[in-house]
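Dumped entry.csv below, it's CSV, C-alpha atoms:
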```csv
chain,number,residue,atom,x,y,z
A,16,MET,CA,-70.5,208.7,12.4
A,17,PHE,CA,-71.9,206.4,9.7
A,18,PHE,CA,-68.4,205.8,8.3
A,19,MET,CA,-67.1,204.9,11.7
A,20,TYR,CA,-70.0,202.4,12.1
A,21,LEU,CA,-69.5,200.9,8.7
A,22,THR,CA,-65.7,200.4,9.4
A,23,PHE,CA,-66.5,198.8,12.8
A,24,TYR,CA,-69.2,196.5,11.2
A,25,ARG,CA,-66.8,195.4,8.4
A,26,GLY,CA,-64.1,194.7,11.0
A,27,ARG,CA,-66.5,192.3,12.7
A,28,MET,CA,-67.1,190.2,9.6
A,29,LYS,CA,-65.4,186.8,9.7
A,30,THR,CA,-63.5,184.4,7.5
A,31,LEU,CA,-64.8,180.9,6.9
A,32,VAL,CA,-62.5,178.0,6.2
A,33,VAL,CA,-64.1,174.9,4.8
A,34,PHE,CA,-62.1,171.7,4.7
A,35,ASP,CA,-62.6,168.3,3.1
A,36,PHE,CA,-61.0,165.7,5.3
A,37,ASP,CA,-59.4,162.7,3.5
A,38,HIS,CA,-56.3,163.6,1.5
A,39,THR,CA,-56.8,167.1,2.8
A,40,VAL,CA,-56.7,167.4,6.6
A,41,VAL,CA,-55.2,163.9,6.8
A,42,ASP,CA,-52.8,162.5,4.2
A,43,ASP,CA,-54.7,159.3,3.5
A,44,ASN,CA,-58.2,158.0,3.2
A,45,SER,CA,-59.7,157.3,6.6
A,46,ASP,CA,-62.2,154.8,5.2
A,47,THR,CA,-59.4,152.6,3.8
A,48,TRP,CA,-57.0,153.3,6.7
A,49,VAL,CA,-59.4,151.4,9.1
A,50,ILE,CA,-58.6,148.2,7.2
A,51,ARG,CA,-55.3,148.2,9.2
A,52,CYS,CA,-57.2,146.9,12.2
A,53,LEU,CA,-57.9,143.6,10.5
A,54,PRO,CA,-55.6,140.6,10.6
A,55,GLY,CA,-53.6,140.8,7.3
A,56,GLU,CA,-54.8,144.3,6.9
A,57,LYS,CA,-56.9,143.5,3.8
A,58,LEU,CA,-60.5,142.8,2.7
A,59,PRO,CA,-61.6,139.7,0.8
A,60,ASP,CA,-62.1,140.3,-2.9
A,61,SER,CA,-65.8,139.5,-2.7
A,62,LEU,CA,-66.3,142.4,-0.3
A,63,LYS,CA,-64.0,144.8,-2.3
A,64,ASN,CA,-65.9,143.9,-5.5
A,65,SER,CA,-69.3,144.7,-3.9
A,66,TYR,CA,-68.7,148.4,-4.1
A,67,LYS,CA,-71.0,150.2,-6.6
A,68,LYS,CA,-70.1,153.7,-7.8
A,69,GLY,CA,-71.9,156.4,-5.9
A,70,TYR,CA,-72.7,154.1,-3.0
A,71,TRP,CA,-69.5,154.3,-0.9
A,72,THR,CA,-71.3,154.7,2.4
A,73,GLU,CA,-73.3,151.5,1.9
A,74,PHE,CA,-70.0,149.8,1.1
A,75,MET,CA,-68.4,151.1,4.3
A,76,GLY,CA,-71.3,149.7,6.2
A,77,ARG,CA,-70.4,146.3,4.9
A,78,VAL,CA,-66.7,146.9,5.7
A,79,MET,CA,-67.5,147.8,9.3
A,80,ASN,CA,-69.7,144.7,9.6
A,81,TYR,CA,-66.8,142.6,8.4
A,82,ILE,CA,-64.5,144.2,10.9
A,83,GLY,CA,-67.1,143.5,13.7
A,84,ASP,CA,-67.4,139.9,12.6
A,85,HIS,CA,-63.7,139.6,13.2
A,86,GLU,CA,-64.2,140.7,16.8
A,87,VAL,CA,-62.2,143.9,16.4
A,88,SER,CA,-63.3,146.1,19.4
A,89,PRO,CA,-64.3,149.7,19.2
A,90,ALA,CA,-61.1,150.6,21.2
A,91,GLN,CA,-59.0,148.7,18.7
A,92,VAL,CA,-60.6,150.5,15.7
A,93,ARG,CA,-60.1,153.9,17.5
A,94,SER,CA,-56.4,153.2,18.2
A,95,VAL,CA,-55.8,152.4,14.6
A,96,MET,CA,-57.6,155.5,13.3
A,97,GLU,CA,-55.6,157.7,15.6
A,98,THR,CA,-52.4,156.7,13.8
A,99,ILE,CA,-53.5,158.2,10.4
A,100,PRO,CA,-51.0,160.9,9.4
A,101,PHE,CA,-52.0,164.5,9.1
A,102,THR,CA,-51.0,166.2,5.8
A,103,PRO,CA,-47.8,168.2,6.5
A,104,GLY,CA,-48.5,171.6,7.9
A,105,MET,CA,-52.2,170.9,8.7
A,106,THR,CA,-51.9,170.8,12.5
A,107,ASP,CA,-50.1,174.1,12.4
A,108,LEU,CA,-52.8,175.5,10.2
A,109,LEU,CA,-55.5,174.3,12.5
A,110,THR,CA,-53.7,175.7,15.5
A,111,PHE,CA,-53.5,179.1,13.8
A,112,ILE,CA,-57.3,178.9,13.2
A,113,LEU,CA,-57.9,177.8,16.9
A,114,GLU,CA,-55.9,180.9,18.1
A,115,ARG,CA,-58.1,183.2,16.0
A,116,LYS,CA,-61.6,181.9,16.6
A,117,SER,CA,-62.9,185.4,17.0
A,118,ASN,CA,-62.1,186.1,13.4
A,119,ILE,CA,-62.2,182.6,11.7
A,120,ASP,CA,-64.9,180.0,11.6
A,121,CYS,CA,-63.9,176.5,10.4
A,122,ILE,CA,-66.1,173.6,9.3
A,123,ILE,CA,-65.4,170.1,7.8
A,124,ILE,CA,-67.6,168.7,5.0
A,125,SER,CA,-66.5,165.1,4.4
A,126,ASP,CA,-67.7,161.8,3.0
A,127,SER,CA,-65.8,160.0,5.8
A,128,ASN,CA,-67.9,159.6,9.0
A,129,THR,CA,-68.3,161.7,12.2
A,130,MET,CA,-66.7,159.1,14.5
A,131,PHE,CA,-63.4,158.8,12.5
A,132,ILE,CA,-63.1,162.5,12.2
A,133,ASP,CA,-63.8,163.2,15.9
A,134,TRP,CA,-61.2,160.6,17.0
A,135,ILE,CA,-58.5,161.8,14.7
A,136,LEU,CA,-59.0,165.5,15.5
A,137,ARG,CA,-59.0,164.8,19.3
A,138,ALA,CA,-55.9,162.6,19.1
A,139,ALA,CA,-54.0,165.6,17.6
A,140,GLY,CA,-55.6,168.1,20.0
A,141,VAL,CA,-57.0,170.3,17.3
A,142,GLN,CA,-60.8,169.4,17.6
A,143,ALA,CA,-61.6,172.9,19.1
A,144,ALA,CA,-60.4,174.5,15.9
A,145,VAL,CA,-63.4,173.0,14.0
A,146,ASP,CA,-66.8,174.5,14.7
A,147,ARG,CA,-68.9,171.9,12.9
A,148,VAL,CA,-68.4,168.6,11.2
A,149,PHE,CA,-70.8,167.6,8.4
A,150,SER,CA,-70.2,163.9,7.6
A,151,ASN,CA,-72.0,160.6,7.6
A,152,PRO,CA,-73.2,159.9,11.1
A,153,ALA,CA,-71.6,156.9,12.8
A,154,LYS,CA,-72.0,155.0,16.1
A,155,PHE,CA,-71.3,151.6,17.6
A,156,ASN,CA,-74.3,149.4,18.3
A,157,ASP,CA,-74.8,147.2,21.3
A,158,LEU,CA,-72.9,144.3,19.6
A,159,GLY,CA,-69.8,146.5,19.1
A,160,TYR,CA,-70.4,147.0,15.3
A,161,MET,CA,-70.0,150.4,13.8
A,162,GLU,CA,-73.0,151.6,11.9
A,163,VAL,CA,-72.6,154.4,9.3
A,164,GLN,CA,-75.6,156.3,7.8
A,165,CYS,CA,-75.9,158.6,4.9
A,166,HIS,CA,-75.5,162.3,5.8
A,167,HIS,CA,-78.6,163.4,4.0
A,168,THR,CA,-80.7,163.0,0.8
A,169,HIS,CA,-80.6,165.5,-2.0
A,170,ASP,CA,-81.5,165.9,-5.7
A,171,CYS,CA,-78.1,166.9,-7.1
A,172,ASP,CA,-77.2,164.6,-9.9
A,173,ARG,CA,-73.5,165.5,-9.7
A,174,CYS,CA,-72.8,164.1,-6.2
A,175,PRO,CA,-72.9,160.8,-4.4
A,176,ILE,CA,-76.4,159.9,-3.1
A,177,ASN,CA,-75.4,160.4,0.5
A,178,LEU,CA,-73.7,163.8,0.3
A,179,CYS,CA,-73.9,167.0,-1.8
A,180,LYS,CA,-71.3,169.3,-0.3
A,181,LYS,CA,-72.8,172.4,-2.1
A,182,HIS,CA,-76.1,171.8,-0.4
A,183,VAL,CA,-74.4,171.5,3.0
A,184,LEU,CA,-72.4,174.7,2.5
A,185,GLU,CA,-75.3,176.7,1.2
A,186,LEU,CA,-77.4,175.7,4.2
A,187,TYR,CA,-74.6,176.5,6.6
A,188,LEU,CA,-74.0,179.9,5.1
A,189,SER,CA,-77.8,180.7,5.1
A,190,GLY,CA,-78.1,179.6,8.7
A,191,GLN,CA,-75.1,181.7,9.8
A,192,LEU,CA,-76.5,184.7,8.0
A,193,ASN,CA,-79.8,184.3,9.7
A,194,GLY,CA,-77.9,184.2,13.0
A,195,GLY,CA,-76.1,187.5,12.2
A,196,VAL,CA,-72.8,186.1,11.0
A,197,GLU,CA,-71.6,187.2,7.5
A,198,TYR,CA,-68.4,186.0,6.0
A,199,GLU,CA,-66.1,188.5,4.3
A,200,GLN,CA,-64.3,185.6,2.6
A,201,VAL,CA,-64.7,181.8,2.3
A,202,PHE,CA,-61.7,179.5,1.7
A,203,TYR,CA,-62.7,176.1,0.4
A,204,VAL,CA,-59.9,173.5,0.7
A,205,GLY,CA,-60.2,170.1,-0.9
A,206,ASP,CA,-58.8,167.5,-3.3
A,207,GLY,CA,-61.5,165.3,-4.8
A,208,GLY,CA,-64.2,165.2,-7.4
A,209,ASN,CA,-67.0,165.7,-4.8
A,210,ASP,CA,-65.3,169.0,-3.9
A,211,LEU,CA,-66.2,170.5,-7.3
A,212,CYS,CA,-69.9,171.0,-6.7
A,213,PRO,CA,-69.6,173.4,-3.7
A,214,THR,CA,-67.1,175.6,-5.5
A,215,SER,CA,-70.0,176.8,-7.8
A,216,CYS,CA,-71.6,178.7,-4.9
A,217,LEU,CA,-68.4,180.6,-4.0
A,218,GLY,CA,-68.2,184.3,-4.9
A,219,GLY,CA,-65.6,186.6,-6.3
A,220,CYS,CA,-64.0,187.4,-2.9
A,221,ASP,CA,-63.7,183.7,-2.1
A,222,VAL,CA,-60.8,181.3,-2.7
A,223,VAL,CA,-60.9,177.7,-3.7
A,224,MET,CA,-57.7,175.7,-2.9
A,225,PRO,CA,-57.4,172.4,-4.7
A,226,ARG,CA,-54.5,170.1,-3.6
A,227,LYS,CA,-51.9,170.1,-6.3
A,228,GLY,CA,-51.9,167.0,-8.5
A,229,TYR,CA,-55.3,165.7,-7.3
A,230,THR,CA,-58.7,165.4,-9.0
A,231,LEU,CA,-60.2,168.8,-7.9
A,232,GLU,CA,-57.3,170.7,-9.5
A,233,LYS,CA,-57.9,168.9,-12.8
A,234,LEU,CA,-61.6,169.5,-12.8
A,235,LEU,CA,-61.3,173.2,-12.0
A,236,ALA,CA,-59.0,173.6,-14.9
A,237,LYS,CA,-61.9,172.6,-17.2
A,238,GLN,CA,-64.4,175.2,-15.8
A,239,HIS,CA,-63.4,177.7,-18.5
A,240,GLY,CA,-64.2,180.9,-16.6
A,241,SER,CA,-67.5,179.7,-15.0
A,242,LEU,CA,-65.9,179.7,-11.5
A,243,LYS,CA,-66.1,183.1,-9.7
A,244,ALA,CA,-63.7,182.3,-6.9
A,245,ARG,CA,-59.9,182.7,-7.2
A,246,VAL,CA,-58.0,179.4,-7.5
A,247,VAL,CA,-54.9,178.8,-5.4
A,248,THR,CA,-53.3,175.3,-5.4
A,249,TRP,CA,-51.5,173.9,-2.4
A,250,SER,CA,-49.2,170.9,-1.6
A,251,ASP,CA,-49.1,171.2,2.2
A,252,GLY,CA,-50.8,173.2,5.0
A,253,SER,CA,-48.1,175.9,5.2
A,254,GLU,CA,-49.2,177.2,1.8
A,255,ILE,CA,-52.8,177.4,2.9
A,256,LEU,CA,-51.7,179.2,6.1
A,257,GLU,CA,-49.7,181.7,4.0
A,258,GLU,CA,-52.7,182.5,1.9
A,259,LEU,CA,-54.9,182.8,5.0
A,260,ARG,CA,-52.4,185.1,6.8
A,261,ALA,CA,-52.2,187.3,3.7
A,262,SER,CA,-55.9,187.7,3.5
A,263,MET,CA,-56.1,188.7,7.2
A,264,LYS,CA,-53.4,191.4,7.2
A,265,HIS,CA,-55.9,194.1,7.1
A,266,ASP,CA,-57.6,192.9,10.2
```
Mind converting the file's structure to structure tokens?
Amino acid sequence: MFFMYLTFYRGRMKTLVVFDFDHTVVDDNSDTWVIRCLPGEKLPDSLKNSYKKGYWTEFMGRVMNYIGDHEVSPAQVRSVMETIPFTPGMTDLLTFILERKSNIDCIIISDSNTMFIDWILRAAGVQAAVDRVFSNPAKFNDLGYMEVQCHHTHDCDRCPINLCKKHVLELYLSGQLNGGVEYEQVFYVGDGGNDLCPTSCLGGCDVVMPRKGYTLEKLLAKQHGSLKARVVTWSDGSEILEELRASMKHD
């Protein structure tokens, strides 16, 4: 009887897929894609040169103010953002996840912003595949200017001041566990330097999937055995889907 209960319980455990967004779900940087809504599709050098490392969200606030000053409407911004290309195979992957929501949870942790991500996912019809989006909160004010805020504050000295993805992931996993949801396996899919920090909280059953040829792959290669999770590189969504399918064959 105990064995039957244990088998049933393990069968109810879920898989968690964690995505970065820019250069992962979409095949470009959403924060730079928005520049296409401007006449000439470029920023003045004075604005570009105002960026200070680690303070990207503050910089994007100035960019969106500049866009607002040029009387670009929220509808125009949205229509431009909806044209950003998805990484090949990603919509198929998200559709696969959507069709298996009883077994797979999916979250996005991104240094983009909540409004861009929501628009882009909805335009592709895959927003229901994603259970939660953790990103910098964004909204349009009464003047039609987009305001972007930092996602949170933290004390991690390895991450930008507005977002530590490890902190977000740990809080999410803890909250889910308190709610009775335990993950048999976590897949972390990303590309950039700020995706390194969360990989340190992954366990031996988990998989970190860096995009081939991007910064995260290079940083992981320097970990020298300190990483517990298995590393599997990818170039398009079909390779992630193949890995996810293989892990679920026993279900």
message: Given all atoms listed in the file as the basis, pick out the residue of A:Phe202, A:Leu256, A:Pro152, A:Gly69 nearest to A:Asp172.
response: A:Gly69
statement: Nearest to A:Lys68, restricted to all atoms listed in the file and choosing among A:Val183, A:Glu258, A:Pro175, A:Lys233, comes out as A:Pro175
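The environment of A:Ser45 within 8 Å, counting all atoms listed in the file and disregarding residues fewer than 6 places along the same chain, consists of Asp37, Met96, Ile99, Ser127 and Phe131 of chain A.
Distances from A:Trp134, A:Asn128, A:Ile122, A:His85 to A:Glu97 were compared using only C-alpha atoms, and the smallest one belongs to A:Trp134.
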message: What's around A:Gln200 at 10 Å? Count all atoms listed in the file, leave out sequence neighbours fewer than 6 positions away in its own chain, and write the answer as a ChimeraX atom specification.
response: /A:28-32,119,217-222,262-263
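With atom CA of A:Cys179 on one side and atom CA of A:Cys165 on the other, the separation reads 10.9 Å.
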For A:Gly159, work out the shell of residues within 10 Å, counting all atoms listed in the file and skipping chain neighbours fewer than 6 positions away, then give it as a PDB file with C-alpha atoms, keeping the file's coordinate frame.
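In the end it all went to around-v5.pdb:
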```
ATOM      1  CA  ASN A  80     -69.700 144.700   9.600  1.00  0.00           C
ATOM      2  CA  GLY A  83     -67.100 143.500  13.700  1.00  0.00           C
ATOM      3  CA  ASP A  84     -67.400 139.900  12.600  1.00  0.00           C
ATOM      4  CA  GLU A  86     -64.200 140.700  16.800  1.00  0.00           C
ATOM      5  CA  VAL A  87     -62.200 143.900  16.400  1.00  0.00           C
ATOM      6  CA  SER A  88     -63.300 146.100  19.400  1.00  0.00           C
ATOM      7  CA  PRO A  89     -64.300 149.700  19.200  1.00  0.00           C
ATOM      8  CA  ALA A  90     -61.100 150.600  21.200  1.00  0.00           C
TER       9      ALA A  90
END
```
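For the pair atom CA of A:Thr39 and atom CA of A:Gly205, the interatomic distance is 5.9 Å.
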message: Show me, as an MDAnalysis selection string, the residues that have an atom within 9 Å of A:Trp249 when counting all atoms listed in the file, minus same-chain residues fewer than 3 positions from it.
response: chainID A and resid 204 224:227 252:255
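Counting all atoms listed in the file, the residue from A:Val196, A:His169, A:Arg115, A:Pro100 that sits nearest to A:Ala139 is A:Pro100.
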- request: Name all residues at most 7 Å from stretch 143-148 of chain A (count all atoms listed in the file; drop same-chain ones fewer than 3 positions away) and give them as a ChimeraX atom specification.
  value: /A:109-110,112-113,120-124,129
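The spacing separating atom CA of A:Ala138 from atom CA of A:Ile82 amounts to 21.9 Å.
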